[in-house]
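Undergrad: Here you go, coords.tsv (TSV, C-alpha atoms and all ligand atoms):
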chain	number	residue	atom	x	y	z
R	19	MET	CA	47.13	1.66	-1.52
R	20	THR	CA	49.67	0.84	1.18
R	21	THR	CA	48.73	-1.20	4.25
R	22	THR	CA	49.02	1.86	6.50
R	23	GLN	CA	46.81	4.10	4.36
R	24	ARG	CA	43.03	4.06	4.31
R	25	PRO	CA	41.64	3.39	0.85
R	26	ARG	CA	40.40	6.38	-1.14
R	27	ILE	CA	36.75	5.87	-1.93
R	28	GLY	CA	34.40	6.84	-4.76
R	29	VAL	CA	30.61	6.89	-4.55
R	30	ILE	CA	28.68	7.13	-7.82
R	31	GLY	CA	25.07	8.24	-7.42
R	32	LEU	CA	24.41	10.86	-4.71
R	33	GLY	CA	20.65	10.31	-4.45
R	34	SER	CA	18.48	9.29	-1.49
R	35	MET	CA	20.89	6.53	-0.48
R	36	GLY	CA	24.25	7.43	-2.05
R	37	MET	CA	24.42	10.94	-0.57
R	38	GLY	CA	24.01	9.70	3.01
R	39	MET	CA	26.50	6.88	2.36
R	40	ALA	CA	29.09	9.25	0.88
R	41	MET	CA	28.66	11.64	3.81
R	42	SER	CA	29.00	8.75	6.29
R	43	LEU	CA	32.34	7.89	4.68
R	44	VAL	CA	33.53	11.50	4.93
R	45	ARG	CA	32.47	11.55	8.59
R	46	ALA	CA	34.41	8.32	9.20
R	47	GLY	CA	37.57	9.97	7.87
R	48	PHE	CA	37.79	8.45	4.39
R	49	GLU	CA	38.92	10.72	1.58
R	50	THR	CA	35.83	10.38	-0.61
R	51	TRP	CA	34.93	11.33	-4.17
R	52	GLY	CA	31.22	11.64	-5.05
R	53	CYS	CA	29.76	11.70	-8.54
R	54	ASP	CA	26.28	12.65	-9.68
R	55	LEU	CA	24.65	13.98	-12.82
R	56	ARG	CA	22.79	16.54	-10.68
R	57	GLU	CA	24.62	19.76	-9.93
R	58	GLU	CA	22.77	20.36	-6.63
R	59	ALA	CA	23.84	16.94	-5.32
R	60	ARG	CA	27.47	17.68	-6.19
R	61	ALA	CA	27.27	21.06	-4.45
R	62	SER	CA	25.82	19.48	-1.25
R	63	PHE	CA	28.54	16.85	-1.20
R	64	ALA	CA	31.33	19.36	-1.79
R	65	GLY	CA	29.85	21.44	1.05
R	66	ALA	CA	30.14	18.40	3.34
R	67	GLY	CA	33.86	18.00	2.68
R	68	GLY	CA	33.87	15.53	-0.25
R	69	HIS	CA	35.44	15.85	-3.70
R	70	ALA	CA	32.52	16.26	-6.12
R	71	VAL	CA	32.80	15.32	-9.79
R	72	ALA	CA	30.32	15.23	-12.67
R	73	THR	CA	31.55	12.03	-14.35
R	74	PRO	CA	32.97	8.73	-13.06
R	75	ALA	CA	36.01	9.18	-15.32
R	76	GLU	CA	37.08	12.19	-13.25
R	77	MET	CA	37.46	10.09	-10.09
R	78	ALA	CA	38.81	6.91	-11.73
R	79	ALA	CA	42.52	7.59	-11.23
R	80	GLU	CA	42.05	8.83	-7.65
R	81	VAL	CA	40.24	5.94	-5.95
R	82	GLU	CA	40.81	2.27	-5.05
R	83	ILE	CA	37.28	1.32	-3.97
R	84	VAL	CA	34.11	2.55	-5.68
R	85	LEU	CA	30.51	2.14	-4.51
R	86	THR	CA	27.87	2.29	-7.24
R	87	VAL	CA	24.55	3.57	-5.80
R	88	VAL	CA	22.63	4.39	-8.98
R	89	VAL	CA	19.13	3.09	-9.64
R	90	ASN	CA	19.53	-0.23	-11.46
R	91	ALA	CA	21.81	-2.63	-13.33
R	92	GLU	CA	21.63	-0.65	-16.56
R	93	GLN	CA	22.80	2.54	-14.82
R	94	THR	CA	25.49	0.58	-12.95
R	95	ARG	CA	26.88	-0.71	-16.25
R	96	ALA	CA	26.70	2.79	-17.73
R	97	VAL	CA	28.76	4.41	-14.96
R	98	LEU	CA	31.39	1.69	-15.41
R	99	PHE	CA	31.61	1.13	-19.14
R	100	ASP	CA	30.05	4.06	-21.03
R	101	ASP	CA	31.95	7.11	-22.32
R	102	ASN	CA	33.19	9.03	-19.27
R	103	GLY	CA	32.70	5.89	-17.16
R	104	LEU	CA	35.12	4.52	-14.57
R	105	LEU	CA	36.85	2.33	-17.13
R	106	PRO	CA	39.45	2.45	-18.52
R	107	GLY	CA	40.78	4.92	-15.93
R	108	LEU	CA	40.27	2.75	-12.83
R	109	LYS	CA	43.53	1.08	-11.73
R	110	PRO	CA	43.75	-2.72	-12.23
R	111	GLY	CA	43.07	-4.52	-8.96
R	112	SER	CA	40.54	-1.90	-7.81
R	113	LEU	CA	37.32	-2.94	-6.12
R	114	VAL	CA	33.78	-2.00	-7.17
R	115	ILE	CA	31.00	-2.50	-4.60
R	116	SER	CA	27.62	-2.75	-6.31
R	117	CYS	CA	24.87	-1.39	-4.02
R	118	ALA	CA	21.94	-0.84	-6.39
R	119	THR	CA	19.14	-3.41	-6.18
R	120	CYS	CA	19.65	-5.63	-9.25
R	121	ALA	CA	18.77	-9.13	-10.42
R	122	PRO	CA	21.36	-11.71	-9.26
R	123	ASP	CA	22.24	-12.71	-12.84
R	124	ALA	CA	22.86	-9.06	-13.75
R	125	VAL	CA	25.40	-8.82	-10.89
R	126	GLN	CA	27.07	-12.05	-12.00
R	127	ALA	CA	27.41	-10.73	-15.56
R	128	LEU	CA	28.84	-7.47	-14.23
R	129	GLY	CA	31.42	-9.44	-12.21
R	130	SER	CA	32.56	-11.36	-15.30
R	131	ASP	CA	32.83	-8.21	-17.41
R	132	LEU	CA	34.82	-6.38	-14.73
R	133	ALA	CA	37.11	-9.37	-14.17
R	134	ALA	CA	38.13	-9.10	-17.84
R	135	HIS	CA	39.60	-5.67	-16.88
R	136	ASP	CA	41.20	-7.03	-13.66
R	137	ILE	CA	38.61	-5.16	-11.55
R	138	HIS	CA	36.99	-6.98	-8.60
R	139	LEU	CA	33.32	-6.84	-7.62
R	140	LEU	CA	31.42	-7.26	-4.36
R	141	ASP	CA	27.66	-7.78	-4.48
R	142	ALA	CA	26.41	-5.50	-1.68
R	143	PRO	CA	22.78	-4.34	-1.84
R	144	ILE	CA	21.59	-2.12	1.00
R	145	SER	CA	18.57	-1.71	3.25
R	146	GLY	CA	17.28	0.82	5.77
R	147	GLY	CA	16.22	3.84	3.75
R	148	SER	CA	17.69	7.31	3.48
R	149	VAL	CA	17.68	7.98	7.24
R	150	LYS	CA	19.86	4.97	8.05
R	151	ALA	CA	22.05	5.69	5.02
R	152	ALA	CA	22.75	9.16	6.42
R	153	ALA	CA	23.42	7.75	9.89
R	154	GLY	CA	25.82	5.03	8.69
R	155	GLN	CA	23.38	2.46	10.09
R	156	LEU	CA	22.41	0.44	7.01
R	157	THR	CA	21.98	-3.29	6.69
R	158	ILE	CA	24.21	-4.63	3.89
R	159	MET	CA	23.46	-8.01	2.28
R	160	ALA	CA	26.77	-8.86	0.69
R	161	SER	CA	28.47	-11.70	-1.11
R	162	GLY	CA	31.85	-12.24	-2.72
R	163	PRO	CA	35.29	-13.69	-1.96
R	164	ALA	CA	36.63	-13.36	1.61
R	165	THR	CA	39.74	-11.54	0.30
R	166	LEU	CA	37.51	-8.76	-1.02
R	167	PHE	CA	35.61	-8.49	2.27
R	168	ALA	CA	38.97	-8.08	4.03
R	169	ARG	CA	39.69	-5.07	1.79
R	170	ALA	CA	36.19	-3.63	2.15
R	171	ASP	CA	35.56	-4.23	5.85
R	172	SER	CA	36.43	-0.75	7.15
R	173	VAL	CA	34.33	0.85	4.40
R	174	LEU	CA	31.28	-1.36	4.97
R	175	ASP	CA	31.57	-0.81	8.72
R	176	ALA	CA	31.40	2.97	8.21
R	177	LEU	CA	28.14	2.52	6.28
R	178	ALA	CA	26.29	-0.17	8.16
R	179	ALA	CA	25.09	-1.33	11.54
R	180	LYS	CA	25.04	-4.87	10.17
R	181	VAL	CA	26.94	-6.44	7.29
R	182	PHE	CA	25.72	-9.92	6.35
R	183	ARG	CA	28.19	-12.10	4.44
R	184	LEU	CA	25.95	-14.37	2.41
R	185	GLY	CA	28.44	-16.44	0.47
R	186	GLU	CA	31.38	-16.31	-1.90
R	187	GLY	CA	29.35	-16.09	-5.09
R	188	LEU	CA	28.16	-12.91	-6.77
R	189	GLY	CA	24.36	-12.76	-6.81
R	190	GLN	CA	23.87	-14.41	-3.41
R	191	GLY	CA	23.56	-11.01	-1.71
R	192	SER	CA	21.19	-9.77	-4.38
R	193	GLN	CA	18.99	-12.86	-4.07
R	194	VAL	CA	18.50	-12.13	-0.35
R	195	LYS	CA	17.85	-8.45	-1.13
R	196	LEU	CA	15.07	-9.52	-3.52
R	197	VAL	CA	13.38	-11.39	-0.66
R	198	ASN	CA	13.57	-8.16	1.37
R	199	GLN	CA	12.10	-6.23	-1.57
R	200	LEU	CA	9.22	-8.70	-1.91
R	201	LEU	CA	8.35	-8.03	1.73
R	202	ALA	CA	9.05	-4.28	1.60
R	203	GLY	CA	6.85	-3.77	-1.47
R	204	VAL	CA	3.99	-5.94	-0.23
R	205	HIS	CA	4.14	-4.27	3.20
R	206	ILE	CA	4.04	-0.72	1.75
R	207	ALA	CA	1.14	-1.64	-0.54
R	208	ALA	CA	-0.65	-3.27	2.43
R	209	ALA	CA	0.00	-0.25	4.68
R	210	ALA	CA	-1.45	2.06	2.01
R	211	GLU	CA	-4.49	-0.15	1.49
R	212	ALA	CA	-5.10	-0.41	5.24
R	213	MET	CA	-4.87	3.37	5.72
R	214	ALA	CA	-7.15	3.98	2.71
R	215	TYR	CA	-9.70	1.51	4.07
R	216	GLY	CA	-9.56	3.06	7.55
R	217	ILE	CA	-9.98	6.60	6.21
R	218	ARG	CA	-12.92	5.44	4.03
R	219	GLY	CA	-14.46	3.93	7.17
R	220	GLY	CA	-14.23	7.24	9.02
R	221	CYS	CA	-11.21	6.53	11.25
R	222	ASP	CA	-9.02	9.48	12.20
R	223	PRO	CA	-5.72	8.82	10.32
R	224	GLN	CA	-3.42	9.94	13.14
R	225	THR	CA	-5.28	7.84	15.71
R	226	LEU	CA	-5.25	4.89	13.34
R	227	TYR	CA	-1.46	5.18	13.05
R	228	GLU	CA	-1.06	5.27	16.82
R	229	VAL	CA	-3.29	2.22	17.34
R	230	ILE	CA	-1.78	0.09	14.57
R	231	THR	CA	1.82	0.83	15.57
R	232	GLN	CA	0.95	-0.54	19.03
R	233	SER	CA	-0.89	-3.57	17.64
R	234	ALA	CA	-0.24	-6.81	15.81
R	235	GLY	CA	-0.98	-5.35	12.37
R	236	ASN	CA	2.13	-3.15	12.50
R	237	SER	CA	5.13	-3.52	10.20
R	238	TRP	CA	8.47	-1.69	9.76
R	239	MET	CA	7.06	-0.22	6.55
R	240	PHE	CA	3.72	0.81	8.12
R	241	GLU	CA	5.61	2.59	10.89
R	242	ASN	CA	8.11	4.19	8.49
R	243	ARG	CA	5.89	5.22	5.55
R	244	VAL	CA	2.50	6.15	7.07
R	245	PRO	CA	3.98	9.33	8.66
R	246	HIS	CA	4.60	10.59	5.10
R	247	ILE	CA	0.88	10.08	4.36
R	248	LEU	CA	-0.14	11.80	7.61
R	249	ALA	CA	2.09	14.78	6.77
R	250	GLY	CA	0.81	14.86	3.18
R	251	ASP	CA	4.52	15.00	2.22
R	252	TYR	CA	5.40	12.81	-0.76
R	253	THR	CA	8.99	14.06	-1.19
R	254	PRO	CA	10.70	10.85	-2.33
R	255	HIS	CA	12.87	9.05	0.21
R	256	SER	CA	12.25	6.02	-2.00
R	257	ALA	CA	10.19	6.59	-5.13
R	258	VAL	CA	7.15	4.66	-6.40
R	259	ASP	CA	9.23	3.76	-9.48
R	260	ILE	CA	11.85	2.05	-7.27
R	261	PHE	CA	9.17	-0.50	-6.39
R	262	VAL	CA	7.98	-0.80	-9.99
R	263	LYS	CA	11.61	-1.79	-10.64
R	264	ASP	CA	12.21	-3.99	-7.58
R	265	LEU	CA	8.93	-5.91	-7.58
R	266	GLY	CA	9.34	-6.19	-11.37
R	267	ILE	CA	12.68	-7.96	-10.81
R	268	VAL	CA	11.16	-10.22	-8.13
R	269	HIS	CA	8.20	-11.00	-10.37
R	270	ASP	CA	10.29	-11.65	-13.49
R	271	THR	CA	12.84	-13.90	-11.79
R	272	ALA	CA	10.08	-15.98	-10.17
R	273	HIS	CA	8.12	-16.12	-13.44
R	274	ARG	CA	11.25	-17.36	-15.25
R	275	ASP	CA	11.50	-20.13	-12.64
R	276	LYS	CA	7.74	-20.83	-12.86
R	277	PHE	CA	7.31	-19.95	-9.18
R	278	PRO	CA	3.99	-18.29	-8.24
R	279	LEU	CA	4.11	-15.02	-6.26
R	280	PRO	CA	0.49	-13.81	-6.18
R	281	LEU	CA	0.96	-11.18	-3.46
R	282	THR	CA	4.01	-9.74	-5.25
R	283	ALA	CA	2.05	-9.56	-8.51
R	284	GLN	CA	-0.77	-7.65	-6.83
R	285	ALA	CA	1.56	-5.20	-5.09
R	286	LEU	CA	3.49	-4.65	-8.33
R	287	SER	CA	0.21	-3.87	-10.04
R	288	GLN	CA	-0.61	-1.21	-7.41
R	289	PHE	CA	2.79	0.52	-7.84
R	290	THR	CA	2.49	0.28	-11.63
R	291	LEU	CA	-0.96	1.89	-11.46
R	292	ALA	CA	0.42	4.70	-9.30
R	293	SER	CA	3.28	5.23	-11.75
R	294	ALA	CA	0.86	5.27	-14.68
R	295	GLN	CA	-1.08	8.00	-12.86
R	296	GLY	CA	2.02	10.19	-12.86
R	297	LEU	CA	3.15	9.38	-9.31
R	298	GLY	CA	6.32	7.47	-10.23
R	299	ARG	CA	8.74	10.03	-8.83
R	300	GLN	CA	6.80	10.65	-5.64
R	301	ASP	CA	7.54	8.82	-2.38
R	302	ASP	CA	6.44	5.18	-2.52
R	303	SER	CA	3.77	5.93	0.13
R	304	ALA	CA	1.95	7.80	-2.69
R	305	VAL	CA	0.69	4.37	-3.76
R	306	ILE	CA	-2.24	5.20	-1.42
R	307	LYS	CA	-3.39	7.80	-3.97
R	308	VAL	CA	-4.74	5.09	-6.29
R	309	TYR	CA	-7.65	4.43	-3.91
R	310	PRO	CA	-10.89	6.22	-4.81
R	311	GLY	CA	-13.28	8.15	-2.64
R	312	ILE	CA	-11.00	9.15	0.23
R	313	THR	CA	-9.58	12.46	1.37
R	314	LEU	CA	-5.94	12.13	2.35
R	315	PRO	CA	-4.29	14.34	4.98
R	316	GLY	CA	-2.98	17.49	3.32
R	317	THR	CA	-5.22	17.25	0.26
R	318	ALA	CA	-8.61	18.74	-0.62
R	319	ALA	CA	-11.68	16.48	-0.88
R	320	ASN	CA	-11.70	14.35	-4.04
R	321	ASP	CA	-8.01	15.09	-4.70
R	322	ALA	CA	-6.88	11.61	-3.73
R	323	GLY	CA	-6.55	9.18	-6.62
R	324	PHE	CA	-9.23	8.54	-9.21
R	325	ASP	CA	-12.29	10.80	-9.17
R	326	PHE	CA	-15.66	9.10	-8.96
R	327	ASP	CA	-16.15	9.78	-12.68
R	328	GLY	CA	-13.15	7.56	-13.32
R	329	GLY	CA	-10.61	10.19	-14.47
R	330	PRO	CA	-7.16	10.20	-12.89
R	331	ASN	CA	-6.26	13.29	-10.88
R	332	ASP	CA	-2.97	14.97	-11.71
R	333	HIS	CA	-0.91	15.04	-8.54
R	334	GLY	CA	2.19	16.28	-10.39
R	335	GLY	CA	5.72	14.94	-10.10
R	336	ALA	CA	7.84	14.77	-7.00
R	401	LIG	N1	15.66	4.94	-1.43
R	401	LIG	C1	15.67	3.89	-0.60
R	401	LIG	O1	15.05	3.93	0.48
R	401	LIG	C2	16.43	2.65	-0.94
R	401	LIG	C3	16.96	2.43	-2.20
R	401	LIG	N2	17.67	1.28	-2.46
R	401	LIG	C4	18.27	1.05	-3.76
R	401	LIG	O2	19.44	1.89	-3.84
R	401	LIG	C5	19.63	2.35	-5.19
R	401	LIG	C6	19.62	3.88	-5.21
R	401	LIG	O3	18.32	4.31	-4.81
R	401	LIG	P1	18.01	5.86	-4.50
R	401	LIG	O4	19.17	6.48	-3.84
R	401	LIG	O5	16.68	5.87	-3.86
R	401	LIG	O6	17.87	6.43	-5.99
R	401	LIG	P2	17.94	7.95	-6.44
R	401	LIG	O7	17.21	8.04	-7.73
R	401	LIG	O8	17.53	8.84	-5.31
R	401	LIG	O9	19.50	8.19	-6.68
R	401	LIG	C7	20.20	7.73	-7.80
R	401	LIG	C8	21.22	8.80	-8.16
R	401	LIG	O10	22.07	8.31	-9.20
R	401	LIG	C9	22.36	9.40	-10.04
R	401	LIG	N3	22.82	8.91	-11.34
R	401	LIG	C10	22.12	8.15	-12.23
R	401	LIG	N4	22.89	7.91	-13.31
R	401	LIG	C11	24.09	8.50	-13.08
R	401	LIG	C12	25.28	8.62	-13.85
R	401	LIG	N5	25.40	8.09	-15.08
R	401	LIG	N6	26.32	9.31	-13.32
R	401	LIG	C13	26.20	9.87	-12.09
R	401	LIG	N7	25.09	9.81	-11.34
R	401	LIG	C14	24.05	9.13	-11.82
R	401	LIG	C15	21.06	10.18	-10.11
R	401	LIG	O11	21.26	11.51	-10.56
R	401	LIG	C16	20.57	10.08	-8.67
R	401	LIG	O12	21.01	11.19	-7.89
R	401	LIG	C17	18.49	1.71	-6.00
R	401	LIG	O13	18.94	0.53	-6.58
R	401	LIG	C18	17.41	1.42	-4.95
R	401	LIG	O14	16.57	0.38	-5.37
R	401	LIG	C19	17.90	0.34	-1.49
R	401	LIG	C20	17.42	0.52	-0.24
R	401	LIG	C21	16.63	1.68	0.14
R	402	LIG	O1	15.39	-0.05	2.80
R	402	LIG	C1	15.03	-0.93	2.01
R	402	LIG	O2	15.38	-2.09	2.09
R	402	LIG	C2	14.18	-0.58	0.87
R	402	LIG	O3	14.24	-1.23	-0.09
R	402	LIG	C3	13.24	0.53	0.95
R	402	LIG	O4	13.46	1.46	1.94
R	402	LIG	C4	12.93	1.22	-0.36
R	402	LIG	O5	13.64	0.98	-1.47
As structure tokens, please, write out the structure in this file.
TA:
Amino acid sequence: MTTTQRPRIGVIGLGSMGMGMAMSLVRAGFETWGCDLREEARASFAGAGGHAVATPAEMAAEVEIVLTVVVNAEQTRAVLFDDNGLLPGLKPGSLVISCATCAPDAVQALGSDLAAHDIHLLDAPISGGSVKAAAGQLTIMASGPATLFARADSVLDALAAKVFRLGEGLGQGSQVKLVNQLLAGVHIAAAAEAMAYGIRGGCDPQTLYEVITQSAGNSWMFENRVPHILAGDYTPHSAVDIFVKDLGIVHDTAHRDKFPLPLTAQALSQFTLASAQGLGRQDDSAVIKVYPGITLPGTAANDAGFDFDGGPNDHGGA
């Protein structure tokens, strides 16, 4: 890359978040490569003016900065190091920006392993959901050396309304993201429980939403997720299994440090129950379906969670 040229960018993982991020980069004028296992995601991205490829290896020689927006640390390692991964094709000195929500120690280990190949890493988890990803209005909770931020600034600015620099060390961004995930998961579980309780008590769901969003019980997650419940539309913007993962990481890291997180444990249990009922790939608001004896908007009576005889209903996949 010369100083006058904009860096050529790769985005691996064109899902709920990565697709909007890759399209934001195209819109901002970056020449952008997008990679996904799913053919329909590649076709959408190619239609939006990006270069679409099926494997990371196919973009490796073309790009200087790569964002990984796959689900977890295991998938992030796979797109870098497995057969058809970015390495060994990625040029020495290139920068990888890790955006998946991962445990801080997993990001630190990734940084060490990449450094052995002369590849740099920024820890840069994201927040705001698919709508803000598509609008280039994310919050990014990043950490890493200042020299890497200088290289990444124009890219991060195209993706985010706010980029927080949380320190020089890898893992510092991810630790803050885990605090956000604790709150996000607990707030979604609480929003679902509150709506289930209100419906059971005979409240009109739409009216309940209007009252709560104008009252002290509101939260960003209540306001953002309850409309999915009201529409009876569980198309995943963020899946139930994302919170099984994220609250699992929060729970496990705290447990390792012998730090009690009783609210996190309870919320994790609710998402795990939903996943066990076959709802893992539905929108995370589907966690409301675990509550018995309520009729949710858009569903027939007794089609919402466990039947009274104790058998789980089959709501199908996403
Ligand atoms: N969905 C949301 O609202 C938010 C998600 N996040 C985090 O962002 C990350 C991505 O989440 P989502 O976009 O929701 O997940 P997603 O499941 O919608 O997207 C992941 C994409 O990665 C692709 N993929 C997986 N392995 C691959 C491989 N080897 N090669 C190429 N493509 C591969 C999948 O096909 C999928 O399209 C996760 O870590 C999540 O926790 C963070 C903030 C908000
Ligand atoms: O935006 C975030 O922050 C989130 O983690 C959620 O929207 C769901 O993963």
Undergrad: Using only C-alpha atoms, which residues sit within 8 Å of Ala72 in chain R once same-chain residues fewer than 4 positions away are excluded, as a JSON list (two decimals) with C-alpha atoms, in the frame of the given file?
TA:
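Resulting contents of result12.json:
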[["chain", "number", "residue", "atom", "x", "y", "z"],
["R", 53, "CYS", "CA", 29.76, 11.70, -8.54],
["R", 54, "ASP", "CA", 26.28, 12.65, -9.68],
["R", 55, "LEU", "CA", 24.65, 13.98, -12.82],
["R", 56, "ARG", "CA", 22.79, 16.54, -10.68],
["R", 57, "GLU", "CA", 24.62, 19.76, -9.93],
["R", 60, "ARG", "CA", 27.47, 17.68, -6.19],
["R", 76, "GLU", "CA", 37.08, 12.19, -13.25]]
Undergrad: Restrict the calculation to all atoms listed in the file, then for each residue of chain R with any atom at most 6 Å from an atom of ligand LIG 402 (chain R) give the closest atom pair and their distance in Å to one decimal, rows by chain and rising residue number, as a tab-separated table.
TA:
residue	atom	partner	partner_atom	distance
R:Ser145	CA	R:LIG402	O2	3.4
R:Gly146	CA	R:LIG402	O1	3.6
R:Gly147	CA	R:LIG402	O4	4.1
R:Gln199	CA	R:LIG402	O3	5.6
R:Ser256	CA	R:LIG402	C4	5.1
Undergrad: Output, as AutoDock Vina command-line options, the centre and edge lengths in Å (one decimal) of the axis-aligned box that contains all listed atoms of ligand LIG 401 (chain R) with 6 Å of margin on each side.
TA:
--center_x 20.7 --center_y 5.9 --center_z -7.3 --size_x 23.3 --size_y 23.2 --size_z 27.6
Undergrad: Give the residue list for ligand LIG 401 (chain R) at 7 Å, counting all atoms listed in the file, as a ChimeraX atom specification, sorted by chain and then by residue number.
TA: /R:30-36,53-56,59,72-74,87-90,93,96-97,117-120,143-148,255-257,260,264
Undergrad: For each of R:Leu314, R:Ala272, R:Leu139, R:Ala91, take the minimum atom-to-atom distance to Arg218 in chain R, counting all atoms listed in the file, then give the residue where this is smallest.
TA: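 Closest candidate: R:Leu314.
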Undergrad: Grab the CA of Asn198 in chain R to CA of Ala168 in chain R distance for me, in Å with one decimal place.
TA: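 That distance, rounded to one decimal, is 25.5 Å.
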Undergrad: For Ser192 in chain R, which residue out of R:Glu80, R:Asp123, R:Pro25, R:Gly235 is the nearest one, using all atoms listed in the file?
TA: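 Comparing R:Glu80, R:Asp123, R:Pro25, R:Gly235 against Ser192 in chain R, the winner is R:Asp123.
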Undergrad: Considering only C-alpha atoms, return as an mmCIF file with C-alpha atoms, in the coordinates of the input whatever protein or nucleic-acid residues lie within 10 Å of Pro245 in chain R, sequence-local ones (same chain, fewer than 4 positions apart) excluded.
TA:
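In the end it all went to around-v2.cif:
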data_model
loop_
_atom_site.group_PDB
_atom_site.id
_atom_site.type_symbol
_atom_site.label_atom_id
_atom_site.label_comp_id
_atom_site.auth_asym_id
_atom_site.auth_seq_id
_atom_site.Cartn_x
_atom_site.Cartn_y
_atom_site.Cartn_z
ATOM 1 C CA PRO R 223 -5.720 8.820 10.320
ATOM 2 C CA GLN R 224 -3.420 9.940 13.140
ATOM 3 C CA TYR R 227 -1.460 5.180 13.050
ATOM 4 C CA PHE R 240 3.720 0.810 8.120
ATOM 5 C CA GLU R 241 5.610 2.590 10.890
ATOM 6 C CA ALA R 249 2.090 14.780 6.770
ATOM 7 C CA GLY R 250 0.810 14.860 3.180
ATOM 8 C CA ASP R 251 4.520 15.000 2.220
ATOM 9 C CA SER R 303 3.770 5.930 0.130
#
Undergrad: Please identify all polymer residues lying at most 12 Å from the point (43.6, -10.1, -1.3) (file coordinates), using only C-alpha atoms, and present the result as a PyMOL selection string.
TA: chain R and resi 21+111-113+138+163-170
Undergrad: Give me, please, the distance in Å between CA of Val197 in chain R and CA of Lys307 in chain R, quoted to one decimal.
TA: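 If I compute the distance from CA of Val197 in chain R to CA of Lys307 in chain R, I get 25.7 Å.
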Undergrad: Kindly give the distance, in Å, that separates CA of Leu174 in chain R and CA of Ala127 in chain R, rounded to a single decimal.
TA: 22.9 Å
Undergrad: Quick one: of R:Leu291, R:Ala124, R:Val229, R:Ala209, who's nearest to Glu92 in chain R, counting all atoms listed in the file?
TA: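 Checking each candidate against Glu92 in chain R, we get R:Ala124 as the closest.
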Undergrad: Counting all atoms listed in the file, which residues have an atom no more than 12 Å from (31.2, 7.9, -1.5) in the file's coordinates? Please list them as an mmCIF file with C-alpha atoms, in the frame of the given file.
TA:
data_model
loop_
_atom_site.group_PDB
_atom_site.id
_atom_site.type_symbol
_atom_site.label_atom_id
_atom_site.label_comp_id
_atom_site.auth_asym_id
_atom_site.auth_seq_id
_atom_site.Cartn_x
_atom_site.Cartn_y
_atom_site.Cartn_z
ATOM 1 C CA PRO R 25 41.640 3.390 0.850
ATOM 2 C CA ARG R 26 40.400 6.380 -1.140
ATOM 3 C CA ILE R 27 36.750 5.870 -1.930
ATOM 4 C CA GLY R 28 34.400 6.840 -4.760
ATOM 5 C CA VAL R 29 30.610 6.890 -4.550
ATOM 6 C CA ILE R 30 28.680 7.130 -7.820
ATOM 7 C CA GLY R 31 25.070 8.240 -7.420
ATOM 8 C CA LEU R 32 24.410 10.860 -4.710
ATOM 9 C CA GLY R 33 20.650 10.310 -4.450
ATOM 10 C CA MET R 35 20.890 6.530 -0.480
ATOM 11 C CA GLY R 36 24.250 7.430 -2.050
ATOM 12 C CA MET R 37 24.420 10.940 -0.570
ATOM 13 C CA GLY R 38 24.010 9.700 3.010
ATOM 14 C CA MET R 39 26.500 6.880 2.360
ATOM 15 C CA ALA R 40 29.090 9.250 0.880
ATOM 16 C CA MET R 41 28.660 11.640 3.810
ATOM 17 C CA SER R 42 29.000 8.750 6.290
ATOM 18 C CA LEU R 43 32.340 7.890 4.680
ATOM 19 C CA VAL R 44 33.530 11.500 4.930
ATOM 20 C CA ARG R 45 32.470 11.550 8.590
ATOM 21 C CA ALA R 46 34.410 8.320 9.200
ATOM 22 C CA GLY R 47 37.570 9.970 7.870
ATOM 23 C CA PHE R 48 37.790 8.450 4.390
ATOM 24 C CA GLU R 49 38.920 10.720 1.580
ATOM 25 C CA THR R 50 35.830 10.380 -0.610
ATOM 26 C CA TRP R 51 34.930 11.330 -4.170
ATOM 27 C CA GLY R 52 31.220 11.640 -5.050
ATOM 28 C CA CYS R 53 29.760 11.700 -8.540
ATOM 29 C CA ASP R 54 26.280 12.650 -9.680
ATOM 30 C CA ARG R 60 27.470 17.680 -6.190
ATOM 31 C CA PHE R 63 28.540 16.850 -1.200
ATOM 32 C CA ALA R 64 31.330 19.360 -1.790
ATOM 33 C CA ALA R 66 30.140 18.400 3.340
ATOM 34 C CA GLY R 67 33.860 18.000 2.680
ATOM 35 C CA GLY R 68 33.870 15.530 -0.250
ATOM 36 C CA HIS R 69 35.440 15.850 -3.700
ATOM 37 C CA ALA R 70 32.520 16.260 -6.120
ATOM 38 C CA VAL R 71 32.800 15.320 -9.790
ATOM 39 C CA PRO R 74 32.970 8.730 -13.060
ATOM 40 C CA MET R 77 37.460 10.090 -10.090
ATOM 41 C CA VAL R 81 40.240 5.940 -5.950
ATOM 42 C CA GLU R 82 40.810 2.270 -5.050
ATOM 43 C CA ILE R 83 37.280 1.320 -3.970
ATOM 44 C CA VAL R 84 34.110 2.550 -5.680
ATOM 45 C CA LEU R 85 30.510 2.140 -4.510
ATOM 46 C CA THR R 86 27.870 2.290 -7.240
ATOM 47 C CA VAL R 87 24.550 3.570 -5.800
ATOM 48 C CA VAL R 88 22.630 4.390 -8.980
ATOM 49 C CA VAL R 114 33.780 -2.000 -7.170
ATOM 50 C CA ILE R 115 31.000 -2.500 -4.600
ATOM 51 C CA CYS R 117 24.870 -1.390 -4.020
ATOM 52 C CA ALA R 151 22.050 5.690 5.020
ATOM 53 C CA ALA R 152 22.750 9.160 6.420
ATOM 54 C CA GLY R 154 25.820 5.030 8.690
ATOM 55 C CA VAL R 173 34.330 0.850 4.400
ATOM 56 C CA LEU R 174 31.280 -1.360 4.970
ATOM 57 C CA ALA R 176 31.400 2.970 8.210
ATOM 58 C CA LEU R 177 28.140 2.520 6.280
#
Undergrad: Show which residues sit within 12 Å of Thr225 in chain R, as a list in words. Count all atoms listed in the file, and ignore same-chain residues fewer than 5 positions away.
TA: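 Final neighbour list, sorted by chain and number: Met213, Gly216, Ile217, Gly220, Ile230, Thr231, Gln232, Val244, Pro245 and Leu248 of chain R.
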